[in-house]
file structure.txt (compact mmCIF, C-alpha atoms and all ligand atoms)
# COMPACT_ATOMS: atom_id res chain seq x y z
CA MET A 231 0.00 0.00 0.00
CA LEU A 232 1.14 3.50 -0.86
CA HIS A 233 0.28 6.70 0.99
CA LEU A 234 1.07 10.28 0.04
CA ASN A 235 1.76 12.34 3.15
CA THR A 236 1.99 16.12 2.80
CA LYS A 237 2.43 17.05 6.46
CA TYR A 238 5.87 18.55 5.79
CA CYS A 239 4.92 20.32 2.57
CA VAL A 240 2.31 23.03 2.92
CA PRO A 241 0.17 22.96 -0.23
CA ASP A 242 -1.26 26.16 -1.66
CA GLN A 243 -4.89 25.09 -2.18
CA THR A 244 -5.62 27.90 -4.62
CA LYS A 245 -2.97 26.67 -7.00
CA LEU A 246 -4.04 23.01 -6.61
CA LEU A 247 -7.53 24.08 -7.64
CA GLU A 248 -6.19 26.05 -10.57
CA ASN A 249 -4.22 23.03 -11.79
CA SER A 250 -7.24 20.78 -11.59
CA LYS A 251 -8.91 22.93 -14.25
CA LYS A 252 -6.39 21.77 -16.87
CA ASP A 253 -7.35 19.03 -19.28
CA TRP A 254 -4.98 16.31 -18.06
CA ARG A 255 -7.80 13.87 -17.23
CA GLU A 256 -8.93 13.63 -20.87
CA LYS A 257 -5.39 13.01 -22.07
CA LEU A 258 -4.66 10.35 -19.48
CA ASN A 259 -6.22 7.63 -21.58
CA PRO A 260 -4.68 4.50 -23.15
CA SER A 261 -6.06 5.51 -26.54
CA PHE A 262 -4.04 8.76 -26.41
CA PRO A 263 -0.66 8.64 -28.28
CA MET A 264 2.14 6.80 -26.42
CA SER A 265 -0.17 6.01 -23.51
CA ASP A 266 -0.47 2.20 -23.68
CA TRP A 267 1.48 1.98 -20.38
CA LEU A 268 -1.75 3.08 -18.63
CA ASP A 269 -3.29 -0.32 -19.36
CA ILE A 270 -1.18 -3.22 -18.08
CA ASP A 271 -2.98 -5.55 -20.53
CA ARG A 272 -1.42 -3.52 -23.34
CA THR A 273 2.06 -3.46 -21.85
CA VAL A 274 2.63 -7.22 -21.79
CA THR A 275 0.71 -10.29 -22.97
CA GLN A 276 0.39 -13.64 -21.19
CA GLU A 277 2.23 -15.21 -24.13
CA GLU A 278 5.21 -12.90 -23.55
CA ILE A 279 5.19 -13.70 -19.83
CA ASN A 280 5.21 -17.43 -20.69
CA ARG A 281 8.12 -16.93 -23.12
CA ILE A 282 10.08 -15.06 -20.43
CA LYS A 283 9.48 -17.88 -17.94
CA ALA A 284 10.47 -20.48 -20.55
CA LEU A 285 13.73 -18.62 -21.15
CA LYS A 286 14.44 -18.62 -17.43
CA GLU A 287 13.85 -22.38 -17.26
CA GLU A 288 16.10 -22.94 -20.26
CA MET A 289 18.89 -20.90 -18.65
CA GLU A 290 18.54 -22.89 -15.43
CA THR A 291 18.63 -26.19 -17.33
CA ASN A 292 21.80 -25.03 -19.11
CA HIS A 293 23.31 -23.97 -15.74
CA ALA A 294 23.68 -20.38 -16.99
CA ASP A 295 24.89 -18.11 -14.18
CA THR A 296 24.96 -14.71 -15.91
CA LEU A 297 22.64 -12.61 -18.04
CA ILE A 298 24.32 -9.62 -19.67
CA VAL A 299 21.70 -6.97 -20.36
CA ILE A 300 22.79 -4.42 -22.95
CA GLY A 301 20.79 -1.18 -23.08
CA ILE A 302 20.76 2.47 -22.02
CA GLY A 303 18.27 4.99 -20.59
CA GLY A 304 14.76 3.57 -20.54
CA SER A 305 16.11 0.30 -21.90
CA TYR A 306 17.97 -0.52 -18.66
CA LEU A 307 17.26 1.85 -15.75
CA GLY A 308 13.90 0.32 -14.80
CA ALA A 309 15.22 -3.25 -14.75
CA LYS A 310 18.23 -2.22 -12.67
CA ALA A 311 15.98 -0.29 -10.28
CA ILE A 312 13.65 -3.25 -9.75
CA LEU A 313 16.45 -5.79 -9.32
CA ASP A 314 18.39 -3.67 -6.84
CA ALA A 315 15.27 -2.78 -4.84
CA LEU A 316 14.00 -6.35 -4.50
CA ASN A 317 17.08 -8.55 -4.33
CA PRO A 318 18.88 -8.92 -1.01
CA TYR A 319 21.99 -6.81 -0.46
CA PHE A 320 24.54 -9.60 -0.62
CA GLN A 321 22.94 -12.95 -1.56
CA LYS A 322 22.23 -12.36 -5.22
CA SER A 323 19.93 -14.56 -7.28
CA ALA A 324 21.08 -17.81 -8.93
CA ILE A 325 21.51 -16.02 -12.24
CA GLU A 326 23.36 -12.72 -11.89
CA VAL A 327 22.17 -9.89 -14.13
CA ILE A 328 24.90 -7.49 -15.16
CA PHE A 329 24.50 -4.43 -17.37
CA ALA A 330 26.51 -3.17 -20.33
CA GLY A 331 26.04 -0.49 -22.99
CA THR A 332 25.29 2.14 -20.36
CA SER A 333 28.46 4.10 -21.14
CA LEU A 334 31.39 4.14 -23.56
CA SER A 335 33.94 3.03 -20.97
CA SER A 336 36.49 0.75 -22.62
CA GLU A 337 37.73 -0.37 -19.21
CA TYR A 338 34.23 -1.48 -18.18
CA LEU A 339 33.59 -3.40 -21.40
CA THR A 340 36.98 -5.09 -21.21
CA SER A 341 36.12 -6.21 -17.68
CA VAL A 342 32.78 -7.61 -18.90
CA GLN A 343 34.56 -9.49 -21.69
CA ASN A 344 37.06 -10.91 -19.20
CA LEU A 345 34.27 -11.97 -16.87
CA MET A 346 32.63 -13.81 -19.75
CA ASN A 347 35.60 -16.22 -19.78
CA GLU A 348 34.61 -17.50 -16.34
CA ARG A 349 30.83 -17.43 -16.66
CA ASN A 350 28.07 -19.35 -18.40
CA VAL A 351 26.45 -16.47 -20.24
CA TYR A 352 23.24 -15.45 -21.99
CA VAL A 353 22.79 -11.96 -23.48
CA ASN A 354 19.71 -9.75 -23.78
CA VAL A 355 20.27 -6.68 -25.97
CA ILE A 356 17.52 -4.05 -25.63
CA SER A 357 17.03 -1.03 -27.87
CA LYS A 358 13.65 0.25 -28.99
CA SER A 359 15.10 2.19 -31.92
CA GLY A 360 17.77 -0.42 -32.57
CA ASN A 361 20.27 2.28 -33.49
CA THR A 362 21.54 3.78 -30.20
CA LEU A 363 25.32 4.16 -30.13
CA GLU A 364 26.27 2.88 -26.67
CA PRO A 365 24.32 -0.43 -26.75
CA SER A 366 25.19 -1.06 -30.39
CA ILE A 367 28.93 -0.82 -29.66
CA ALA A 368 28.61 -2.95 -26.52
CA PHE A 369 26.60 -5.55 -28.42
CA GLU A 370 29.09 -5.67 -31.28
CA LEU A 371 31.93 -6.47 -28.87
CA ILE A 372 29.98 -8.84 -26.60
CA GLU A 373 28.42 -10.67 -29.54
CA ALA A 374 31.90 -11.27 -31.01
CA LYS A 375 32.94 -12.83 -27.71
CA MET A 376 29.78 -14.98 -27.62
CA LYS A 377 30.52 -16.27 -31.12
CA GLU A 378 34.06 -17.11 -30.07
CA ARG A 379 32.93 -18.97 -26.93
CA TYR A 380 29.69 -20.72 -27.79
CA PRO A 381 28.86 -22.82 -30.87
CA ASP A 382 25.21 -22.40 -29.78
CA TYR A 383 25.54 -18.58 -29.43
CA GLN A 384 22.34 -18.01 -31.45
CA LYS A 385 20.13 -19.48 -28.77
CA ARG A 386 21.98 -17.55 -26.05
CA ILE A 387 21.34 -14.11 -27.56
CA VAL A 388 17.91 -12.57 -27.07
CA VAL A 389 16.95 -9.31 -28.77
CA THR A 390 14.33 -6.85 -27.52
CA THR A 391 13.50 -4.17 -30.10
CA ASN A 392 10.70 -2.78 -32.27
CA ARG A 393 9.18 -5.04 -34.94
CA GLU A 394 9.42 -2.67 -37.88
CA LYS A 395 12.82 -1.14 -38.46
CA GLY A 396 16.36 -0.52 -37.29
CA SER A 397 19.73 -2.17 -37.71
CA LEU A 398 19.28 -4.34 -34.58
CA LEU A 399 16.07 -5.91 -35.91
CA LYS A 400 17.66 -6.60 -39.30
CA HIS A 401 20.73 -8.17 -37.70
CA ALA A 402 18.62 -10.28 -35.31
CA GLN A 403 16.53 -11.60 -38.19
CA GLU A 404 19.66 -12.47 -40.21
CA GLU A 405 21.18 -14.33 -37.25
CA GLY A 406 17.91 -15.96 -36.21
CA TYR A 407 18.04 -14.61 -32.64
CA ARG A 408 15.03 -14.91 -30.33
CA LEU A 409 13.02 -11.69 -30.56
CA PHE A 410 10.87 -9.81 -28.05
CA GLU A 411 8.90 -6.76 -29.15
CA VAL A 412 8.91 -3.33 -27.47
CA PRO A 413 5.29 -2.09 -27.71
CA ARG A 414 5.03 0.70 -30.26
CA ASN A 415 2.95 3.08 -28.09
CA ILE A 416 5.17 2.99 -25.01
CA GLY A 417 8.29 5.15 -24.75
CA GLY A 418 11.59 3.92 -23.29
CA ARG A 419 11.19 5.46 -19.84
CA PHE A 420 7.64 4.08 -19.50
CA SER A 421 8.68 0.57 -20.59
CA CYS A 422 9.95 -1.20 -17.47
CA LEU A 423 6.69 -3.16 -17.09
CA THR A 424 6.93 -4.43 -20.69
CA VAL A 425 9.29 -7.16 -21.89
CA VAL A 426 12.04 -4.48 -21.72
CA GLY A 427 12.12 -4.65 -17.93
CA LEU A 428 10.23 -7.85 -17.17
CA LEU A 429 12.63 -10.21 -18.95
CA PRO A 430 15.81 -9.15 -17.06
CA VAL A 431 14.06 -8.91 -13.69
CA ALA A 432 12.37 -12.31 -14.04
CA ILE A 433 15.73 -13.90 -14.89
CA GLY A 434 17.22 -12.07 -11.88
CA GLY A 435 14.69 -13.71 -9.53
CA VAL A 436 11.84 -11.17 -9.24
CA ASP A 437 8.23 -12.38 -9.05
CA ILE A 438 6.90 -10.54 -12.12
CA ASP A 439 3.32 -11.70 -11.57
CA LEU A 440 3.32 -9.93 -8.20
CA LEU A 441 5.03 -6.86 -9.66
CA LEU A 442 2.31 -6.61 -12.35
CA LYS A 443 -0.43 -7.24 -9.79
CA GLY A 444 0.83 -4.22 -7.82
CA ALA A 445 1.04 -2.13 -11.00
CA ARG A 446 -2.57 -3.01 -11.87
CA ASN A 447 -3.60 -1.60 -8.49
CA GLY A 448 -1.61 1.60 -9.20
CA ILE A 449 -4.55 3.29 -10.92
CA HIS A 450 -6.17 3.64 -7.47
CA TYR A 451 -3.50 6.22 -6.69
CA LEU A 452 -4.55 8.54 -9.51
CA GLU A 453 -5.72 11.33 -7.19
CA ASP A 454 -2.56 11.03 -5.07
CA ALA A 455 -0.47 11.22 -8.23
CA PHE A 456 -2.35 14.37 -9.22
CA THR A 457 -1.74 15.90 -5.78
CA TYR A 458 1.97 15.02 -5.98
CA ALA A 459 2.25 16.37 -9.53
CA SER A 460 0.48 19.57 -8.41
CA LEU A 461 2.81 20.00 -5.43
CA ARG A 462 5.81 19.58 -7.72
CA TYR A 463 4.28 22.09 -10.12
CA GLN A 464 3.76 24.54 -7.26
CA GLN A 465 7.36 24.14 -6.12
CA GLU A 466 8.55 24.91 -9.62
CA GLN A 467 6.29 27.97 -9.91
CA ALA A 468 7.65 29.17 -6.54
CA HIS A 469 11.22 28.91 -7.96
CA PHE A 470 12.26 25.70 -6.24
CA PRO A 471 13.36 23.87 -9.42
CA VAL A 472 15.38 21.04 -7.79
CA GLU A 473 13.80 17.88 -6.32
CA LEU A 474 15.86 15.55 -4.17
CA ILE A 475 14.42 12.08 -4.79
CA THR A 476 15.35 10.82 -1.35
CA PHE A 477 15.49 7.32 0.11
CA TYR A 478 16.82 5.99 3.41
CA GLU A 479 17.45 2.45 2.10
CA GLU A 480 20.54 2.03 -0.09
CA LYS A 481 18.87 -0.62 -2.29
CA LEU A 482 16.59 2.17 -3.63
CA GLU A 483 19.52 4.06 -5.15
CA SER A 484 18.87 2.72 -8.67
CA PHE A 485 15.17 3.40 -8.20
CA GLY A 486 16.10 7.03 -7.48
CA LYS A 487 18.01 7.12 -10.77
CA TRP A 488 15.02 5.64 -12.61
CA VAL A 489 12.69 8.27 -11.12
CA GLY A 490 15.28 10.90 -12.08
CA GLN A 491 15.16 9.73 -15.68
CA LEU A 492 11.38 9.36 -15.80
CA LEU A 493 10.62 12.81 -14.40
CA GLY A 494 13.62 14.62 -15.87
CA GLU A 495 13.35 13.31 -19.42
CA THR A 496 9.55 13.63 -19.41
CA GLN A 497 9.24 17.16 -18.07
CA GLY A 498 12.53 18.97 -18.77
CA LYS A 499 11.40 20.80 -21.92
CA ASN A 500 10.68 24.30 -23.24
CA LYS A 501 12.84 25.79 -20.46
CA LYS A 502 10.51 24.26 -17.87
CA GLY A 503 10.52 21.33 -15.45
CA ILE A 504 12.14 20.33 -12.18
CA LEU A 505 15.63 18.85 -12.05
CA PRO A 506 15.29 15.53 -10.13
CA VAL A 507 18.36 14.46 -8.17
CA PRO A 508 18.62 11.01 -6.50
CA ASN A 509 19.67 11.42 -2.87
CA PHE A 510 20.62 8.80 -0.26
CA PHE A 511 20.10 9.64 3.42
CA THR A 512 21.34 9.33 6.08
CA ALA A 513 24.70 9.31 4.23
CA ASN A 514 24.05 12.63 2.48
CA LEU A 515 22.79 14.26 5.66
CA HIS A 516 26.50 14.62 6.34
CA SER A 517 27.09 16.47 3.07
CA LEU A 518 24.08 17.79 1.08
CA GLY A 519 22.08 18.05 4.31
CA GLN A 520 23.94 21.25 5.14
CA TYR A 521 22.83 22.82 1.83
CA LEU A 522 19.22 21.73 2.31
CA GLN A 523 19.14 23.25 5.78
CA GLU A 524 20.94 26.53 5.16
CA GLY A 525 21.86 26.91 1.47
CA ALA A 526 20.04 28.81 -1.29
CA ASP A 527 16.27 28.25 -1.46
CA ILE A 528 16.14 26.18 -4.66
CA ALA A 529 15.20 22.65 -3.61
CA PHE A 530 12.50 20.46 -2.11
CA GLU A 531 12.57 16.79 -1.17
CA THR A 532 10.45 13.78 -1.96
CA VAL A 533 11.17 10.95 0.47
CA ILE A 534 10.26 7.36 -0.34
CA LYS A 535 9.67 6.04 3.18
CA ILE A 536 9.38 2.33 3.95
CA GLU A 537 7.17 1.83 7.02
CA ASN A 538 8.16 -1.76 7.90
CA SER A 539 11.45 -3.61 7.42
CA GLU A 540 13.69 -6.18 9.15
CA ASN A 541 13.44 -6.21 12.95
CA LEU A 542 16.81 -5.39 14.44
CA TRP A 543 16.86 -4.43 18.11
CA VAL A 544 19.40 -1.78 19.18
CA PRO A 545 19.89 -2.40 22.92
CA SER A 546 21.56 0.95 23.70
CA LYS A 547 18.61 2.92 22.23
CA GLU A 548 15.94 0.46 23.33
CA LYS A 549 14.44 0.73 19.88
CA ASP A 550 14.26 -1.17 16.64
CA LEU A 551 16.79 0.07 14.03
CA HIS A 552 14.15 0.64 11.36
CA GLU A 553 12.09 2.62 13.86
CA ILE A 554 15.16 4.83 14.40
CA ASN A 555 15.56 5.20 10.61
CA ASN A 556 11.96 6.40 10.31
CA LEU A 557 12.28 8.64 13.36
CA VAL A 558 15.17 10.32 11.52
CA VAL A 559 12.97 10.76 8.38
CA ASP A 560 10.52 12.84 10.40
CA GLN A 561 13.06 14.86 12.32
CA VAL A 562 15.02 15.69 9.15
CA ALA A 563 11.80 16.78 7.41
CA LYS A 564 11.04 19.08 10.37
CA ALA A 565 14.57 20.49 10.42
CA HIS A 566 14.64 21.08 6.66
CA GLN A 567 11.23 22.74 6.74
CA GLU A 568 12.69 25.25 9.23
CA GLY A 569 15.33 25.89 6.55
CA ASN A 570 12.56 26.49 3.92
CA THR A 571 13.01 23.09 2.24
CA GLN A 572 9.67 21.30 2.00
CA THR A 573 9.34 17.50 2.10
CA ILE A 574 6.74 15.31 0.39
CA LEU A 575 6.52 11.79 1.86
CA ILE A 576 5.60 8.75 -0.23
CA GLU A 577 5.04 5.99 2.31
CA LEU A 578 5.08 2.29 1.39
CA ASP A 579 3.93 -0.12 4.09
CA ARG A 580 6.78 -2.48 3.04
CA LEU A 581 9.12 -2.92 0.07
CA ASP A 582 8.25 -5.96 -2.07
CA ALA A 583 7.33 -6.75 -5.68
CA TYR A 584 3.69 -5.74 -5.14
CA THR A 585 4.33 -2.34 -3.55
CA LEU A 586 7.13 -1.61 -6.03
CA GLY A 587 4.68 -2.29 -8.88
CA GLU A 588 2.28 0.21 -7.29
CA LEU A 589 5.06 2.77 -6.85
CA ILE A 590 6.25 2.44 -10.45
CA TYR A 591 2.74 2.97 -11.79
CA PHE A 592 2.24 5.92 -9.39
CA TYR A 593 5.39 7.53 -10.82
CA PHE A 594 4.24 6.91 -14.40
CA LEU A 595 1.02 8.77 -13.55
CA THR A 596 2.91 11.58 -11.83
CA ALA A 597 5.29 12.03 -14.77
CA ALA A 598 2.49 12.20 -17.34
CA ILE A 599 0.15 14.44 -15.28
CA GLY A 600 3.09 16.71 -14.40
CA GLY A 601 3.90 17.02 -18.10
CA TYR A 602 0.31 18.00 -18.90
CA LEU A 603 0.28 20.58 -16.08
CA LEU A 604 3.39 22.13 -17.63
CA GLU A 605 1.75 22.01 -21.07
CA ILE A 606 4.54 20.00 -22.67
CA ASN A 607 4.48 16.63 -24.47
CA PRO A 608 5.38 14.06 -21.76
CA PHE A 609 6.35 11.35 -24.24
CA ASP A 610 9.01 12.81 -26.50
CA GLN A 611 12.68 13.57 -25.82
CA PRO A 612 13.95 15.92 -28.52
CA GLY A 613 16.94 16.90 -26.39
CA VAL A 614 18.15 13.30 -26.17
CA GLU A 615 17.61 12.82 -29.92
CA ARG A 616 19.70 15.94 -30.61
CA TYR A 617 22.85 14.60 -28.96
CA LYS A 618 22.38 11.26 -30.74
CA GLU A 619 22.20 13.07 -34.11
CA LEU A 620 25.32 15.14 -33.47
CA VAL A 621 27.33 12.08 -32.42
CA GLN A 622 26.22 10.14 -35.53
CA GLN A 623 27.18 13.07 -37.75
CA ALA A 624 30.57 13.44 -36.09
CA LEU A 625 31.29 9.71 -36.39
CA GLN A 626 30.36 9.73 -40.09
CA LYS A 627 32.69 12.68 -40.73
CA GLU A 628 35.55 10.74 -39.18
CA GLU A 629 34.99 7.69 -41.43
O1 LIG A 701 13.18 7.22 -22.53
C1 LIG A 701 13.72 7.13 -23.63
O2 LIG A 701 13.07 7.10 -24.69
C2 LIG A 701 15.23 7.06 -23.74
O3 LIG A 701 15.84 7.14 -22.49
C3 LIG A 701 15.62 5.76 -24.42
O4 LIG A 701 15.17 4.68 -23.64
C4 LIG A 701 17.16 5.65 -24.60
O5 LIG A 701 17.63 6.76 -25.32
C5 LIG A 701 17.52 4.35 -25.31
O6 LIG A 701 16.90 4.30 -26.55
P1 LIG A 701 16.78 2.93 -27.35
O7 LIG A 701 15.97 1.97 -26.55
O8 LIG A 701 16.10 3.29 -28.63
O9 LIG A 701 18.18 2.40 -27.58
call {"tool": "encode", "arguments": {"input": "structure.txt", "output": "structure tokens"}}
result
Amino acid sequence: MLHLNTKYCVPDQTKLLENSKKDWREKLNPSFPMSDWLDIDRTVTQEEINRIKALKEEMETNHADTLIVIGIGGSYLGAKAILDALNPYFQKSAIEVIFAGTSLSSEYLTSVQNLMNERNVYVNVISKSGNTLEPSIAFELIEAKMKERYPDYQKRIVVTTNREKGSLLKHAQEEGYRLFEVPRNIGGRFSCLTVVGLLPVAIGGVDIDLLLKGARNGIHYLEDAFTYASLRYQQEQAHFPVELITFYEEKLESFGKWVGQLLGETQGKNKKGILPVPNFFTANLHSLGQYLQEGADIAFETVIKIENSENLWVPSKEKDLHEINNLVVDQVAKAHQEGNTQTILIELDRLDAYTLGELIYFYFLTAAIGGYLLEINPFDQPGVERYKELVQQALQKEE
């Protein structure tokens, strides 16, 4: 269960009312362009779920111990967020999921290639367009290594892309690789509940049925998502353009990055939008905390608070450790409010696949509604396309 708590963020009711007059409700409809993510039945089919489970079984039968997922932006952040949030800190799942194609680091890719010598590997390359530079280079190098190592490399390489065009699709068809389709009407950053995210997380041990069950319940948080989007809008209008996406549990760090991408890439357009910054407390209370208490008035915080966790008694404090963690959440919110930094609390009763599914869907709603309040298109990313174009042009000039 998810609960939006605004006790440390004083809403301006007049502005909330004003926002509610905008036409976001009409646009928030699965038949609206790029809005299939609203309907979980359109994001993934039962047949795709069965194929994902069959792949997992095949990998287990072949004693595979590693899945290398190649992708960038929306094609990897969601899967990484879900895996890190739900897997234990140290005992990883039977099949380890590692990521590549998220940068152009030659040292990182060399390390992945070296690791492949010791592991029993499958690869899942994910690119909706099929043309993005970073994953295409990583795939070229990792595929070469797969061909060198495995006579049966074709069955070990799985491609997730669109079904119409792009160099990745063409190559996959020529090689006869297993194909999964990215739904046409869902953008990269809204795709973690499609095969894009579900395949890697299922292989990495997550219960995807439970994750999707939670996501299906997410629509019940529509009004909360509107309130949150309105509060964010108000903060921006009041010249607080930075949002610290804050968590007190280290395993939510990747989730913070995913939220950063979802909100930042969706709403940062036409010289508008809030800059979302992932922020881990209590560690950063000993660094950024100073700025939030006494620095320039530019930021507000959204804290993802987990109500219940492991019981761990601290004898000297005569309290449970998680109770102390949550006591700190409240005291920090009070302190920062004195320093003119408001805090919005998103409370989950516990962190598991179901509540994470709810939270993901809640953030999808918030991103889209927030985009409509700002009167921008929530589903394009012309700024990202621009850098891709310039790099392609520069590389062609060099050839
Ligand atoms: O949200 C988005 O659309 C982007 O972040 C894309 O996911 C990212 O640029 C990767 O694109 P592609 O999947 O086409 O390789």
call {"tool": "closest_residue", "arguments": {"input": "structure.txt", "among": "A:Pro508, A:Gly525, A:Pro263, A:Gly587", "to": "Leu232 of chain A", "atoms": "only C-alpha atoms"}}
result
A:Gly587
call {"tool": "residues_near_ligand", "arguments": {"input": "structure.txt", "ligand": "ligand LIG 701 (chain A)", "cutoff": "6 Å", "atoms": "all atoms listed in the file", "output": "compact mmCIF listing (two decimals) with C-alpha atoms, keeping the file's coordinate frame"}}
result
# COMPACT_ATOMS: atom_id res chain seq x y z
CA ILE A 302 20.76 2.47 -22.02
CA GLY A 303 18.27 4.99 -20.59
CA GLY A 304 14.76 3.57 -20.54
CA SER A 305 16.11 0.30 -21.90
CA SER A 357 17.03 -1.03 -27.87
CA LYS A 358 13.65 0.25 -28.99
CA SER A 359 15.10 2.19 -31.92
CA GLY A 360 17.77 -0.42 -32.57
CA THR A 362 21.54 3.78 -30.20
CA GLY A 417 8.29 5.15 -24.75
CA GLY A 418 11.59 3.92 -23.29
CA ARG A 419 11.19 5.46 -19.84
call {"tool": "residues_around", "arguments": {"input": "structure.txt", "residues": "segment 372-376 of chain A", "least_positions_apart": "5", "cutoff": "12 Å", "atoms": "all atoms listed in the file", "output": "PDB file with C-alpha atoms, in the coordinates of the input"}}
result
ATOM      1  CA  LEU A 297      22.640 -12.610 -18.040  1.00  0.00           C
ATOM      2  CA  ILE A 298      24.320  -9.620 -19.670  1.00  0.00           C
ATOM      3  CA  VAL A 299      21.700  -6.970 -20.360  1.00  0.00           C
ATOM      4  CA  ILE A 300      22.790  -4.420 -22.950  1.00  0.00           C
ATOM      5  CA  PHE A 329      24.500  -4.430 -17.370  1.00  0.00           C
ATOM      6  CA  ALA A 330      26.510  -3.170 -20.330  1.00  0.00           C
ATOM      7  CA  GLY A 331      26.040  -0.490 -22.990  1.00  0.00           C
ATOM      8  CA  TYR A 338      34.230  -1.480 -18.180  1.00  0.00           C
ATOM      9  CA  LEU A 339      33.590  -3.400 -21.400  1.00  0.00           C
ATOM     10  CA  THR A 340      36.980  -5.090 -21.210  1.00  0.00           C
ATOM     11  CA  SER A 341      36.120  -6.210 -17.680  1.00  0.00           C
ATOM     12  CA  VAL A 342      32.780  -7.610 -18.900  1.00  0.00           C
ATOM     13  CA  GLN A 343      34.560  -9.490 -21.690  1.00  0.00           C
ATOM     14  CA  ASN A 344      37.060 -10.910 -19.200  1.00  0.00           C
ATOM     15  CA  LEU A 345      34.270 -11.970 -16.870  1.00  0.00           C
ATOM     16  CA  MET A 346      32.630 -13.810 -19.750  1.00  0.00           C
ATOM     17  CA  ASN A 347      35.600 -16.220 -19.780  1.00  0.00           C
ATOM     18  CA  ARG A 349      30.830 -17.430 -16.660  1.00  0.00           C
ATOM     19  CA  ASN A 350      28.070 -19.350 -18.400  1.00  0.00           C
ATOM     20  CA  VAL A 351      26.450 -16.470 -20.240  1.00  0.00           C
ATOM     21  CA  TYR A 352      23.240 -15.450 -21.990  1.00  0.00           C
ATOM     22  CA  VAL A 353      22.790 -11.960 -23.480  1.00  0.00           C
ATOM     23  CA  ASN A 354      19.710  -9.750 -23.780  1.00  0.00           C
ATOM     24  CA  VAL A 355      20.270  -6.680 -25.970  1.00  0.00           C
ATOM     25  CA  PRO A 365      24.320  -0.430 -26.750  1.00  0.00           C
ATOM     26  CA  SER A 366      25.190  -1.060 -30.390  1.00  0.00           C
ATOM     27  CA  ILE A 367      28.930  -0.820 -29.660  1.00  0.00           C
ATOM     28  CA  PRO A 381      28.860 -22.820 -30.870  1.00  0.00           C
ATOM     29  CA  ASP A 382      25.210 -22.400 -29.780  1.00  0.00           C
ATOM     30  CA  TYR A 383      25.540 -18.580 -29.430  1.00  0.00           C
ATOM     31  CA  GLN A 384      22.340 -18.010 -31.450  1.00  0.00           C
ATOM     32  CA  LYS A 385      20.130 -19.480 -28.770  1.00  0.00           C
ATOM     33  CA  ARG A 386      21.980 -17.550 -26.050  1.00  0.00           C
ATOM     34  CA  ILE A 387      21.340 -14.110 -27.560  1.00  0.00           C
ATOM     35  CA  VAL A 388      17.910 -12.570 -27.070  1.00  0.00           C
ATOM     36  CA  VAL A 389      16.950  -9.310 -28.770  1.00  0.00           C
ATOM     37  CA  HIS A 401      20.730  -8.170 -37.700  1.00  0.00           C
ATOM     38  CA  ALA A 402      18.620 -10.280 -35.310  1.00  0.00           C
ATOM     39  CA  GLU A 405      21.180 -14.330 -37.250  1.00  0.00           C
ATOM     40  CA  TYR A 407      18.040 -14.610 -32.640  1.00  0.00           C
TER      41      TYR A 407
END
call {"tool": "atom_distance", "arguments": {"input": "structure.txt", "atom1": "atom CA of Asp266 of chain A", "atom2": "atom CA of Glu466 of chain A"}}
result
28.2 Å
call {"tool": "residues_around", "arguments": {"input": "structure.txt", "residues": "Ile312 of chain A", "least_positions_apart": "4", "cutoff": "10 Å", "atoms": "all atoms listed in the file", "output": "JSON, numbers by chain"}}
result
{"A": [307, 308, 316, 317, 422, 427, 428, 430, 431, 434, 436, 441, 481, 482, 484, 485, 488, 582, 583, 586, 587, 590]}
call {"tool": "atom_distance", "arguments": {"input": "structure.txt", "atom1": "atom CA of Leu409 of chain A", "atom2": "atom CA of Glu394 of chain A"}}
result
12.2 Å
call {"tool": "closest_residue", "arguments": {"input": "structure.txt", "among": "A:Ala526, A:Val425, A:Leu604, A:Leu581", "to": "Glu277 of chain A", "atoms": "only C-alpha atoms"}}
result
A:Val425
call {"tool": "closest_atom_pairs", "arguments": {"input": "structure.txt", "of": "segment 459-505 of chain A", "to": "segment 571-575 of chain A", "cutoff": "9 Å", "atoms": "only C-alpha atoms", "output": "JSON lines"}}
result
{"residue": "A:Leu461", "atom": "CA", "partner": "A:Ile574", "partner_atom": "CA", "distance": 8.4}
{"residue": "A:Gln465", "atom": "CA", "partner": "A:Gln572", "partner_atom": "CA", "distance": 8.9}
{"residue": "A:Phe470", "atom": "CA", "partner": "A:Thr571", "partner_atom": "CA", "distance": 8.9}
call {"tool": "atom_distance", "arguments": {"input": "structure.txt", "atom1": "atom CA of Leu423 of chain A", "atom2": "atom CA of Tyr463 of chain A"}}
result
26.3 Å
call {"tool": "residues_around", "arguments": {"input": "structure.txt", "residues": "segment 319-326 of chain A", "least_positions_apart": "6", "cutoff": "6 Å", "atoms": "all atoms listed in the file", "output": "PyMOL selection string"}}
result
chain A and resi 295-296+434-435
call {"tool": "residues_around", "arguments": {"input": "structure.txt", "residues": "Lys245 of chain A", "least_positions_apart": "5", "cutoff": "9 Å", "atoms": "only C-alpha atoms", "output": "ChimeraX atom specification"}}
result
/A:250,460-461,464
call {"tool": "residues_around", "arguments": {"input": "structure.txt", "residues": "Phe477 of chain A", "least_positions_apart": "3", "cutoff": "12 Å", "atoms": "all atoms listed in the file", "output": "number ranges by chain"}}
result
A: 315, 474, 480-487, 489, 507-515, 531-536, 555-556, 558-559, 574-578
call {"tool": "closest_residue", "arguments": {"input": "structure.txt", "among": "A:Tyr306, A:Phe420, A:Tyr584, A:Phe456", "to": "Phe609 of chain A", "atoms": "only C-alpha atoms"}}
result
A:Phe420
call {"tool": "closest_residue", "arguments": {"input": "structure.txt", "among": "A:Asn541, A:Ser333, A:Thr424, A:Ser261", "to": "Gln276 of chain A", "atoms": "only C-alpha atoms"}}
result
A:Thr424
call {"tool": "residues_near_point", "arguments": {"input": "structure.txt", "point": "(16.0, 20.0, -8.2)", "cutoff": "8 Å", "atoms": "all atoms listed in the file", "output": "PyMOL selection string"}}
result
chain A and resi 470-474+504-507+528-530
